[in-house]
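Q: Next up, model-v3.txt (compact mmCIF, C-alpha atoms).
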# COMPACT_ATOMS: atom_id res chain seq x y z
CA MET C 611 -24.98 66.77 -55.36
CA LYS C 612 -24.03 63.18 -56.25
CA THR C 613 -23.83 62.98 -60.03
CA VAL C 614 -23.33 60.26 -62.66
CA ILE C 615 -22.06 61.37 -66.08
CA ILE C 616 -22.52 59.16 -69.15
CA THR C 617 -21.21 59.96 -72.63
CA GLY C 618 -22.64 58.27 -75.71
CA ALA C 619 -25.86 57.88 -73.75
CA SER C 620 -28.35 58.20 -76.61
CA SER C 621 -28.44 54.55 -77.71
CA GLY C 622 -26.96 51.08 -77.43
CA LEU C 623 -24.66 50.35 -74.52
CA GLY C 624 -24.69 53.99 -73.38
CA ARG C 625 -28.46 53.93 -73.02
CA GLU C 626 -28.25 50.68 -71.05
CA TYR C 627 -25.65 52.23 -68.76
CA ALA C 628 -27.98 55.15 -68.04
CA LEU C 629 -30.84 52.83 -67.12
CA ALA C 630 -28.67 50.38 -65.16
CA ALA C 631 -26.89 53.11 -63.20
CA SER C 632 -30.17 54.79 -62.28
CA LYS C 633 -31.36 51.49 -60.75
CA ARG C 634 -28.07 50.55 -59.10
CA TYR C 635 -27.41 53.97 -57.57
CA PRO C 636 -30.88 55.31 -56.66
CA ASP C 637 -29.47 57.88 -54.22
CA THR C 638 -27.77 59.73 -57.09
CA GLY C 639 -29.03 63.31 -57.37
CA GLU C 640 -28.47 63.82 -61.10
CA PHE C 641 -27.64 61.81 -64.18
CA TRP C 642 -25.93 63.84 -66.91
CA LEU C 643 -26.61 62.33 -70.33
CA ILE C 644 -24.25 63.38 -73.11
CA ALA C 645 -24.61 62.63 -76.83
CA ARG C 646 -25.40 64.46 -80.06
CA ARG C 647 -29.10 63.56 -80.38
CA ALA C 648 -31.16 65.60 -77.95
CA ASP C 649 -34.43 63.80 -78.75
CA ARG C 650 -32.94 60.41 -77.83
CA LEU C 651 -31.53 61.81 -74.59
CA GLU C 652 -34.89 63.36 -73.70
CA SER C 653 -36.57 59.99 -74.17
CA ILE C 654 -34.10 58.29 -71.81
CA ALA C 655 -34.50 61.14 -69.33
CA GLU C 656 -38.23 60.37 -69.22
CA GLU C 657 -37.45 56.73 -68.38
CA ILE C 658 -35.04 57.63 -65.59
CA GLY C 659 -37.07 60.55 -64.26
CA ARG C 660 -36.94 64.03 -65.74
CA ASP C 661 -36.30 65.62 -62.33
CA LYS C 662 -33.09 63.56 -61.95
CA THR C 663 -31.57 64.05 -65.38
CA VAL C 664 -29.61 66.71 -67.20
CA VAL C 665 -29.57 66.43 -71.00
CA LEU C 666 -26.40 67.75 -72.63
CA PRO C 667 -26.61 67.42 -76.44
CA LEU C 668 -22.93 67.78 -77.31
CA ASP C 669 -20.72 66.53 -80.14
CA LEU C 670 -17.56 65.72 -78.20
CA CYS C 671 -15.45 65.88 -81.35
CA GLU C 672 -15.94 69.65 -81.29
CA LYS C 673 -13.68 71.86 -79.17
CA ASP C 674 -16.60 74.15 -78.35
CA ALA C 675 -18.50 71.17 -76.95
CA LEU C 676 -15.65 70.24 -74.65
CA LYS C 677 -15.42 73.84 -73.46
CA SER C 678 -19.18 73.88 -72.84
CA PHE C 679 -18.84 70.71 -70.77
CA SER C 680 -15.94 72.18 -68.79
CA ASP C 681 -17.87 75.40 -68.17
CA TYR C 682 -20.95 73.47 -67.05
CA LEU C 683 -18.85 71.47 -64.58
CA ALA C 684 -17.42 74.69 -63.16
CA GLU C 685 -20.87 76.25 -62.91
CA ARG C 686 -22.54 73.28 -61.19
CA SER C 687 -19.53 71.92 -59.25
CA PRO C 688 -21.06 68.43 -58.94
CA GLU C 689 -19.85 65.53 -56.82
CA VAL C 690 -19.23 63.06 -59.64
CA THR C 691 -19.44 59.58 -58.15
CA LEU C 692 -19.36 57.80 -61.52
CA LEU C 693 -18.11 58.69 -65.00
CA ILE C 694 -18.93 56.36 -67.89
CA ASN C 695 -17.05 57.10 -71.11
CA ASP C 696 -19.07 55.27 -73.76
CA ALA C 697 -18.95 57.69 -76.72
CA GLY C 698 -17.13 56.22 -79.69
CA PHE C 699 -17.48 54.67 -83.14
CA GLY C 700 -15.70 52.39 -85.57
CA LYS C 701 -15.45 51.79 -89.31
CA LEU C 702 -15.00 48.53 -91.17
CA GLY C 703 -12.52 48.66 -94.04
CA CYS C 704 -8.87 48.99 -94.93
CA VAL C 705 -7.05 52.18 -93.98
CA ALA C 706 -6.50 53.07 -97.63
CA ASP C 707 -10.23 52.82 -98.37
CA ILE C 708 -11.76 54.85 -95.52
CA ASP C 709 -12.02 58.65 -95.64
CA PRO C 710 -8.94 59.96 -93.79
CA LEU C 711 -11.02 62.64 -92.08
CA VAL C 712 -13.38 59.98 -90.71
CA GLN C 713 -10.40 58.05 -89.38
CA ARG C 714 -9.08 61.18 -87.70
CA GLU C 715 -12.51 61.82 -86.17
CA MET C 716 -12.49 58.26 -84.83
CA CYS C 717 -9.22 58.97 -83.04
CA ASN C 718 -10.52 62.32 -81.79
CA LEU C 719 -13.67 60.82 -80.27
CA ASN C 720 -12.46 57.42 -79.08
CA CYS C 721 -9.21 58.74 -77.61
CA GLY C 722 -9.09 62.53 -77.47
CA ALA C 723 -12.60 63.25 -76.18
CA LEU C 724 -12.46 60.39 -73.69
CA THR C 725 -9.20 61.73 -72.30
CA ALA C 726 -10.42 65.33 -72.15
CA VAL C 727 -13.73 64.48 -70.49
CA THR C 728 -11.93 62.34 -67.92
CA ALA C 729 -9.33 65.01 -67.15
CA MET C 730 -12.02 67.70 -66.82
CA THR C 731 -14.15 65.56 -64.52
CA LEU C 732 -11.46 64.25 -62.17
CA LYS C 733 -11.28 67.39 -60.04
CA TYR C 734 -14.97 66.91 -59.18
CA MET C 735 -14.61 63.23 -58.17
CA PRO C 736 -14.44 62.32 -54.46
CA GLU C 737 -12.77 59.29 -52.90
CA LYS C 738 -14.36 55.96 -53.83
CA ALA C 739 -15.79 57.35 -57.06
CA GLY C 740 -15.52 55.24 -60.20
CA ILE C 741 -14.72 55.48 -63.91
CA ILE C 742 -15.81 53.07 -66.63
CA ASN C 743 -14.06 53.38 -69.97
CA VAL C 744 -15.78 51.39 -72.69
CA CYS C 745 -13.02 49.56 -74.48
CA SER C 746 -13.48 46.47 -76.68
CA ILE C 747 -12.19 42.99 -77.38
CA ALA C 748 -10.49 44.83 -80.26
CA SER C 749 -7.94 46.04 -77.70
CA PHE C 750 -6.62 42.50 -77.13
CA ALA C 751 -4.86 42.21 -80.51
CA PRO C 752 -4.68 44.16 -83.80
CA THR C 753 -7.58 43.57 -86.18
CA PRO C 754 -7.00 44.07 -89.92
CA ARG C 755 -9.84 45.99 -91.62
CA MET C 756 -10.58 47.68 -88.31
CA SER C 757 -7.04 48.90 -87.81
CA VAL C 758 -7.75 52.41 -86.55
CA TYR C 759 -10.62 51.38 -84.30
CA CYS C 760 -8.43 48.66 -82.80
CA ALA C 761 -5.61 51.12 -82.19
CA THR C 762 -7.97 53.56 -80.45
CA LYS C 763 -9.22 50.83 -78.14
CA SER C 764 -5.66 49.76 -77.34
CA TYR C 765 -5.15 53.36 -76.26
CA VAL C 766 -8.24 53.20 -74.05
CA MET C 767 -6.97 50.02 -72.39
CA ALA C 768 -3.50 51.45 -71.71
CA PHE C 769 -4.96 54.75 -70.53
CA SER C 770 -7.38 53.00 -68.18
CA ARG C 771 -4.72 50.80 -66.60
CA ALA C 772 -2.31 53.69 -66.03
CA LEU C 773 -5.05 56.00 -64.78
CA ARG C 774 -6.12 53.32 -62.30
CA GLU C 775 -2.62 53.36 -60.79
CA GLU C 776 -2.55 57.16 -60.67
CA LEU C 777 -5.86 57.28 -58.80
CA LYS C 778 -5.20 54.57 -56.22
CA SER C 779 -4.24 57.14 -53.59
CA ARG C 780 -7.65 58.78 -54.10
CA LYS C 781 -9.42 55.39 -53.99
CA ILE C 782 -11.04 56.04 -57.36
CA GLY C 783 -11.62 52.85 -59.33
CA VAL C 784 -11.15 52.54 -63.08
CA THR C 785 -12.50 49.63 -65.12
CA ALA C 786 -11.94 49.06 -68.84
CA VAL C 787 -15.01 47.28 -70.21
CA CYS C 788 -14.32 45.04 -73.20
CA PRO C 789 -17.45 43.63 -74.84
CA GLY C 790 -17.61 41.73 -78.08
CA PRO C 791 -20.03 42.59 -80.90
CA MET C 792 -23.50 43.77 -79.89
CA SER C 793 -26.66 44.33 -81.90
CA THR C 794 -26.61 48.12 -81.61
CA GLU C 795 -26.38 51.11 -83.92
CA PHE C 796 -22.60 50.71 -83.81
CA LEU C 797 -22.82 48.04 -86.53
CA GLY C 798 -24.68 50.24 -89.00
CA SER C 799 -22.41 53.20 -88.31
CA ALA C 800 -19.37 50.98 -88.83
CA GLY C 801 -20.69 49.67 -92.14
CA ILE C 802 -21.01 46.14 -90.79
CA SER C 803 -23.85 44.17 -92.33
CA PRO C 804 -24.40 40.42 -92.90
CA GLY C 805 -21.90 39.12 -95.43
CA ARG C 806 -19.44 42.03 -95.11
CA SER C 807 -17.37 40.49 -92.34
CA ARG C 808 -16.68 36.80 -91.75
CA THR C 809 -15.69 37.62 -88.17
CA PHE C 810 -18.84 39.55 -87.27
CA ASP C 811 -20.99 36.90 -88.98
CA THR C 812 -19.61 34.11 -86.78
CA LEU C 813 -18.71 35.63 -83.39
CA PRO C 814 -21.10 35.30 -80.42
CA TYR C 815 -22.83 38.57 -79.61
CA CYS C 816 -22.96 40.23 -76.20
CA ASP C 817 -26.14 41.62 -74.67
CA PRO C 818 -25.86 45.39 -73.99
CA GLU C 819 -28.11 45.28 -70.91
CA LYS C 820 -26.15 42.44 -69.31
CA THR C 821 -22.86 44.10 -70.18
CA ALA C 822 -23.93 47.34 -68.50
CA VAL C 823 -25.28 45.65 -65.36
CA ASN C 824 -22.38 43.23 -64.95
CA SER C 825 -19.65 45.79 -65.64
CA LEU C 826 -21.06 48.14 -63.00
CA LYS C 827 -20.77 45.24 -60.56
CA ALA C 828 -17.20 44.67 -61.74
CA LEU C 829 -16.34 48.32 -61.10
CA ASP C 830 -17.77 48.06 -57.58
CA ARG C 831 -15.63 44.93 -57.03
CA GLY C 832 -12.54 46.84 -58.09
CA SER C 833 -11.87 44.90 -61.32
CA PRO C 834 -9.40 46.63 -63.67
CA VAL C 835 -10.86 44.96 -66.77
CA TYR C 836 -14.26 43.42 -67.42
CA THR C 837 -14.92 41.10 -70.36
CA GLU C 838 -18.37 39.68 -71.09
CA LYS C 839 -18.61 35.96 -72.04
CA LEU C 840 -16.14 33.13 -71.44
CA PHE C 841 -15.30 33.02 -75.15
CA TYR C 842 -13.90 36.55 -75.03
CA LYS C 843 -12.16 36.01 -71.69
CA LEU C 844 -10.27 33.20 -73.40
CA TYR C 845 -9.46 35.47 -76.35
CA ARG C 846 -8.11 38.04 -73.93
CA VAL C 847 -5.70 35.43 -72.53
CA LEU C 848 -4.66 34.24 -76.00
CA GLY C 849 -4.05 37.84 -77.03
CA LYS C 850 -1.45 38.04 -74.26
CA LEU C 851 0.18 34.65 -74.83
CA LEU C 852 0.33 34.32 -78.61
CA PRO C 853 2.29 36.45 -81.10
CA HIS C 854 -0.02 39.04 -82.64
CA SER C 855 1.24 38.05 -86.08
CA LEU C 856 -0.46 34.71 -85.49
CA VAL C 857 -3.60 36.08 -83.81
CA MET C 858 -4.23 38.44 -86.74
CA LYS C 859 -4.67 35.47 -89.09
CA PHE C 860 -7.90 34.73 -87.21
CA THR C 861 -9.08 38.24 -86.26
CA ARG C 862 -9.29 39.77 -89.73
CA CYS C 863 -12.72 41.30 -90.17
For this file, produce the structure as structure tokens.
A:
Amino acid sequence: MKTVIITGASSGLGREYALAASKRYPDTGEFWLIARRADRLESIAEEIGRDKTVVLPLDLCEKDALKSFSDYLAERSPEVTLLINDAGFGKLGCVADIDPLVQREMCNLNCGALTAVTAMTLKYMPEKAGIINVCSIASFAPTPRMSVYCATKSYVMAFSRALREELKSRKIGVTAVCPGPMSTEFLGSAGISPGRSRTFDTLPYCDPEKTAVNSLKALDRGSPVYTEKLFYKLYRVLGKLLPHSLVMKFTRC
């Protein structure tokens, strides 16, 4: 059965991906929604159609959750036509001021879980399937006061580009999606509120619905990276051309 798998599907961009994918790929048999909050997933399942959704309330930072996901894949043996890795979080603050265990969990979810879920799913993906890894404009250059988050997203970018090359022979596309700030629960979780960050107070915000819809189109076009808004496309170029020591003078959160 054709299957779309979405992590971090309970809110924000992940929720928009679930809704956008269900409209863009109506012949999909099942949509697997993964996140910690079962009630949120159930609500989205009602919007998509309960008969077409599988709710998997899993905390991907937990080894048992990853094993449960692997076991479920083996049991159902789906034909995964699309994997969207959206689960992740960030924290605003200096490394010395943030709980070290929280910073480790950030690395585990943003990098470790994304890698594990991808590796587990690949054996069930046919030719011409696709993978979206939600990255960030934070991957373009280091960002002081979001140092760990930035580093995890740099990993996601490098991983996505290399994985894309590995999967060319199987005709599986991989797109790293790099949005700017969005008005989602990410901000509250990250401790970002008005007045706490000059950068977040002044940057243009991206629309989660547009980002989901447009990045799915980008994946279908075969784009390796998708960046919403001309402003951030320019930043992506500057992040390549200018020394990061200079860029960081302007990116500090």
Q: Using all atoms listed in the file, find each residue in range 644-708 of chain C having at least one atom no more than 10 Å away from range 727-732 of chain C; report its shortest atom-to-atom pair and that distance in Å (one decimal), rows by chain then rising number, as a Markdown table.
A:
| residue | atom | partner | partner_atom | distance |
| --- | --- | --- | --- | --- |
| C:Leu670 | CA | C:Val727 | CA | 8.7 |
| C:Leu676 | CA | C:Val727 | CA | 7.4 |
| C:Lys677 | CA | C:Met730 | CA | 9.7 |
| C:Phe679 | CA | C:Val727 | CA | 8.1 |
| C:Ser680 | CA | C:Met730 | CA | 6.3 |
| C:Asp681 | CA | C:Met730 | CA | 9.8 |
| C:Leu683 | CA | C:Thr731 | CA | 7.6 |
| C:Ala684 | CA | C:Met730 | CA | 9.6 |
| C:Ser687 | CA | C:Thr731 | CA | 9.9 |
| C:Pro688 | CA | C:Thr731 | CA | 9.3 |
| C:Glu689 | CA | C:Thr731 | CA | 9.6 |
| C:Val690 | CA | C:Thr731 | CA | 7.5 |
| C:Leu692 | CA | C:Thr731 | CA | 9.8 |
| C:Leu693 | CA | C:Thr728 | CA | 7.7 |
| C:Ile694 | CA | C:Thr728 | CA | 9.2 |
| C:Asn695 | CA | C:Thr728 | CA | 8.0 |
Q: Please identify all polymer residues within 8 Å of range 825-838 of chain C, counting only C-alpha atoms, omitting same-chain residues fewer than 6 positions from it, and present them as a list in words.
A: Ala631, Gly740, Ile741, Ile742, Ile747, Arg771, Arg774, Gly783, Val784, Thr785, Ala786, Val787, Cys788, Pro789, Gly790 and Cys816 of chain C
Q: For Asn743 in chain C, which of C:Lys763, C:Arg686, C:Arg755, C:Arg625 is the closest residue, counting only C-alpha atoms?
A: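 Smallest distance to Asn743 in chain C is found for C:Lys763.
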Q: Considering all atoms listed in the file, state which residue in the set C:Lys859, C:His854, C:Lys820, C:Arg714 is at the smallest distance from Thr762 in chain C.
A: C:Arg714
Q: Rounded to one decimal, what separation in Å do you get between CA of Cys760 in chain C and CA of Ala748 in chain C?
A: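 CA of Ala748 in chain C lies at a distance of 5.0 Å from CA of Cys760 in chain C.
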Q: How far is it from CA of Arg650 in chain C to CA of Leu797 in chain C, in Å with one decimal?
A: 18.2 Å
Q: Of the candidates C:Leu702, C:Ser746, C:Ile616, C:Gly622, which one gets nearest to Asp817 in chain C if we count only C-alpha atoms?
A: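 Once distances to Asp817 in chain C are computed over only C-alpha atoms, the minimum belongs to C:Gly622.
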Q: Kindly indicate which residue among C:Met767, C:Ala630, C:Met611, C:Ile708 lies nearest to Leu724 in chain C, using all atoms listed in the file for the distances.
A: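 That would be C:Met767, the residue with the smallest distance to Leu724 in chain C.
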Q: Using only C-alpha atoms, find the one residue out of C:Ile654, C:Leu840, C:Val665, C:Met756 that sits nearest to Gln713 in chain C.
A: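 Using only C-alpha atoms, Gln713 in chain C sits closest to C:Met756.
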Q: When you draw a straight line from CA of Phe860 in chain C to CA of Tyr759 in chain C, how long is it in Å?
A: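 The value is 17.1 Å.
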Q: Go through C:Gly801, C:Tyr765, C:Pro791, C:Lys733 and flag the residue nearest Leu777 in chain C, using only C-alpha atoms for the distances.
A: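 Checking each of C:Gly801, C:Tyr765, C:Pro791, C:Lys733 against Leu777 in chain C, counting only C-alpha atoms, the winner is C:Lys733.
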Q: In the coordinates of the file, take the point (-23.8, 53.4, -72.4) and a cut-off of 9 Å; then, counting all atoms listed in the file, name each qualifying protein, DNA or RNA residue as a PyMOL selection string.
A: chain C and resi 616-629+694-697+744+818+822
Q: Need to verify the contact set: Arg647 in chain C, 9 Å, all atoms listed in the file, exclusion of same-chain residues closer than 3 positions in sequence. Can you return it as a PyMOL selection string?
A: chain C and resi 620+644+650-652+667-669
Q: Taking (-14.9, 67.7, -86.9) in the coordinates of the supplied file, I want to know which residues reach to within 8 Å of it, counting all atoms listed in the file; could you give the answer as a PyMOL selection string?
A: chain C and resi 671-672+715
Q: Edge lengths and centre in Å to one decimal, as AutoDock Vina command-line options, of the axis-aligned box that encloses all listed atoms of range 827-838 of chain C with 8 Å added on every side?
A:
--center_x -15.1 --center_y 44.0 --center_z -64.1 --size_x 27.4 --size_y 24.6 --size_z 30.1
Q: I'd like the contact shell of Asn720 in chain C - 6 Å cut-off, all atoms listed in the file, skipping same-chain residues fewer than 3 positions apart - returned as a list of chain:residue names.
A: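 Once the nearby chain positions are removed, what remains is C:Gly698, C:Met716, C:Cys717.
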